[in-house]
2 protein chains.
Amino acid sequence: MKKITLVMAMSQEATPIIGQLALRACNDFVSRTPARAFSGQYKGLEISLVINGTDLTHNVECVGTQPATLAAYEALNHFQPDLLINAGTCGAFAEKGSKIGDVYIGERIRFFDRRIPMGDYEAYGHGNYPCPLAVDLARQLDIPTAVVCTGNALDMSPTDEAILKQEPVVNKEMEAAAIAWVASLWNVPLIAIKSVTDLMDGGQTTSEEFLQNLCFASQNLNEAVVQVMDCLAEKLQLSFS
Amino acid sequence: MKKITLVMAMSQEATPIIGQLALRACNDFVSRTPARAFSGQYKGLEISLVINGTDLTHNVECVGTQPATLAAYEALNHFQPDLLINAGTCGAFAEKGSKIGDVYIGERIRFFDRRIPMGDYEAYGHGNYPCPLAVDLARQLDIPTAVVCTGNALDMSPTDEAILKQEPVVNKEMEAAAIAWVASLWNVPLIAIKSVTDLMDGGQTTSEEFLQNLCFASQNLNEAVVQVMDCLAEKLQLSFS
């Protein structure tokens, strides 16, 4: 695994990683989507990073599963990576042991808002993408694992809450399962790395807590991404020796 | 407007239209996605039709916004149409005057499940794509208009219901707003045509009612699509004379 593509939603989440890995804007990545790409070398790895980009109508980052679907699709098309990493921030439950700034690796990725109670459509809706490679890596790096649960709402409705609470440790976020579906079309493995910005049962409004902790959580995310990259670089070295 | 691409979610919805317009499988449409394409000529129009395709893991049609996003993207890439039409089935409210088999044209298209109550992200989440061309056409053809409301759940949570009921006449479905976003990236106009399979306030389970009425609603949808095509063909003729 030499060619690794990171797909990330928000520039605020990506900035520390772009700096730390010394990635540069990739001008030959041309797309109809608002997605933007960066690339570079890190310890023998060919790294690229694609962010969803900015919505010019509302002047916000293109969060959510629709932009993530296209960004992942264009990233796979352009960079043809051996491995995809989705790094980002998430919500979590304090009652399940999570704290602000905790970083997890996804052991499984699923949708929580695609409720289609109609025969086989139900399982299709939930998705449920297992991540065996990610679980191995999490064990080696002693990073805890969680079920990454994807939906297009930042808030949490009572219906969402009932579904989310059925999972053991939850990372609630807005992109991973869409990326996992696209990765499955290319048969490329996916590692999701998520850092907690807000506690859904913490009493504070999600948006406030999210904005307050975005910078801190993104720094922790950056550290975990570098840890994963170092581990992958080491494996690559070993494969050559 | 000579080149028209229809994007549709389920093969069951598309089959009557493929037959009526005598479209043929389009073998040069090659995609990593499960999407499949058909094409043909109709009264001087160049018609293509792309369906989301089948999920081979669960053996169901790829409904929802993520496959619709990619199918629309690939359709626009491949066929470079002047106009995109999203035809499909939907749920509606009896209390707002809708009946099974009623056909509507979207006057506006929005997401109802992207709740992001955080400054400008809120409006971004809802989307809200006006469809002026569609409104003109609906008036000419005497087809009623509705607000097409897109989300990834077939059922309706109390949170969804409260949001949906704020709109006047509602078509609740699972693809249009994602397609509208992609169409906006290409600056191609979109017409959404929706036929009612189920009444959300009708007392029957949505999945049962949907399956029971899918064939009938798809036939009505087919008739409306042909009506729209005839109107567009006439406009094209007039533009040449």
# chains A, B, ... in the order shown; residues from 1 in each chain; ligands from 1

$ interface_residues --of "chain B" --to "chain A" --cutoff "9 Å" --atoms "only C-alpha atoms" --output "PyMOL selection string"
chain B and resi 32-34+55+57-70+73+113-121+123-125+151-159+178+181-182+185-186+206-208

$ residues_around --residues "stretch 221-225 of chain A" --least-positions-apart "6" --cutoff "12 Å" --atoms "only C-alpha atoms" --output "number ranges by chain"
A: 4-8, 12-21, 47, 49, 85-90, 100-105, 137-138, 141-144, 191-197, 213-215, 231-232

$ residues_around --residues "B:Asn128" --least-positions-apart "4" --cutoff "7 Å" --atoms "only C-alpha atoms" --output "PyMOL selection string"
chain B and resi 108-110

$ write_last_selection --atoms "N, CA, C and O atoms" --output "PDB file, in the first residue's frame"
ATOM      1  N   ARG B 108     -40.145  23.575  -6.819  1.00  0.00           N
ATOM      2  CA  ARG B 108     -38.944  23.805  -6.007  1.00  0.00           C
ATOM      3  C   ARG B 108     -38.529  22.437  -5.485  1.00  0.00           C
ATOM      4  O   ARG B 108     -39.384  21.565  -5.289  1.00  0.00           O
ATOM      5  N   ILE B 109     -37.234  22.241  -5.290  1.00  0.00           N
ATOM      6  CA  ILE B 109     -36.722  20.957  -4.804  1.00  0.00           C
ATOM      7  C   ILE B 109     -35.836  21.239  -3.595  1.00  0.00           C
ATOM      8  O   ILE B 109     -35.010  22.160  -3.634  1.00  0.00           O
ATOM      9  N   ARG B 110     -36.029  20.483  -2.523  1.00  0.00           N
ATOM     10  CA  ARG B 110     -35.238  20.716  -1.316  1.00  0.00           C
ATOM     11  C   ARG B 110     -34.959  19.399  -0.583  1.00  0.00           C
ATOM     12  O   ARG B 110     -35.645  18.403  -0.762  1.00  0.00           O
TER      13      ARG B 110
END

$ select_by_dssp --residues "stretch 4-48 of chain B" --states "helix (DSSP H, G or I)" --output "PyMOL selection string"
chain B and resi 11-20

$ residues_around --residues "B:Gly97" --least-positions-apart "5" --cutoff "10 Å" --atoms "only C-alpha atoms" --output "PDB file with all heavy atoms, in the first residue's frame"
ATOM      1  N   ALA B  92     -47.092  11.478  -0.575  1.00  0.00           N
ATOM      2  CA  ALA B  92     -47.749  12.790  -0.491  1.00  0.00           C
ATOM      3  C   ALA B  92     -48.730  12.771   0.684  1.00  0.00           C
ATOM      4  O   ALA B  92     -48.976  11.721   1.297  1.00  0.00           O
ATOM      5  CB  ALA B  92     -48.458  13.100  -1.800  1.00  0.00           C
ATOM      6  N   ASP B 102     -51.647  10.549  -8.557  1.00  0.00           N
ATOM      7  CA  ASP B 102     -51.511  11.964  -8.985  1.00  0.00           C
ATOM      8  C   ASP B 102     -50.077  12.229  -9.449  1.00  0.00           C
ATOM      9  O   ASP B 102     -49.124  11.719  -8.846  1.00  0.00           O
ATOM     10  CB  ASP B 102     -51.813  12.926  -7.810  1.00  0.00           C
ATOM     11  CG  ASP B 102     -53.318  13.098  -7.574  1.00  0.00           C
ATOM     12  OD1 ASP B 102     -54.107  12.531  -8.350  1.00  0.00           O
ATOM     13  OD2 ASP B 102     -53.676  13.782  -6.596  1.00  0.00           O
ATOM     14  N   VAL B 169     -47.870  21.899  -1.009  1.00  0.00           N
ATOM     15  CA  VAL B 169     -48.090  20.535  -1.509  1.00  0.00           C
ATOM     16  C   VAL B 169     -46.741  19.821  -1.576  1.00  0.00           C
ATOM     17  O   VAL B 169     -45.774  20.359  -2.122  1.00  0.00           O
ATOM     18  CB  VAL B 169     -48.777  20.546  -2.898  1.00  0.00           C
ATOM     19  CG1 VAL B 169     -49.023  19.132  -3.374  1.00  0.00           C
ATOM     20  CG2 VAL B 169     -50.078  21.317  -2.830  1.00  0.00           C
ATOM     21  N   VAL B 170     -46.679  18.624  -0.969  1.00  0.00           N
ATOM     22  CA  VAL B 170     -45.398  17.933  -0.770  1.00  0.00           C
ATOM     23  C   VAL B 170     -45.298  16.676  -1.635  1.00  0.00           C
ATOM     24  O   VAL B 170     -46.245  15.892  -1.701  1.00  0.00           O
ATOM     25  CB  VAL B 170     -45.259  17.526   0.722  1.00  0.00           C
ATOM     26  CG1 VAL B 170     -44.060  16.609   0.940  1.00  0.00           C
ATOM     27  CG2 VAL B 170     -45.155  18.759   1.605  1.00  0.00           C
TER      28      VAL B 170
END

$ select_by_dssp --residues "stretch 30-225 of chain A" --states "strand (DSSP E)" --output "PyMOL selection string"
chain A and resi 36-42+45-51+54-55+60-61+83-92+103-111+129-130+145-150+170-173+190-199

$ closest_residue --among "B:Ile51, B:Ala162, B:Leu84, B:Val135" --to "B:Arg36" --atoms "only C-alpha atoms"
B:Ile51

$ atom_distance --atom1 "atom CA of A:His126" --atom2 "atom CA of A:Leu164"
11.5 Å

$ atom_distance --atom1 "atom CA of A:Val147" --atom2 "atom CA of A:Ser218"
19.4 Å

$ atom_distance --atom1 "atom CA of B:Cys131" --atom2 "atom CA of B:Pro189"
7.6 Å

$ closest_residue --among "B:Gly91, B:Gly53, B:Pro168, B:Pro132" --to "B:Asp198" --atoms "only C-alpha atoms"
B:Gly91
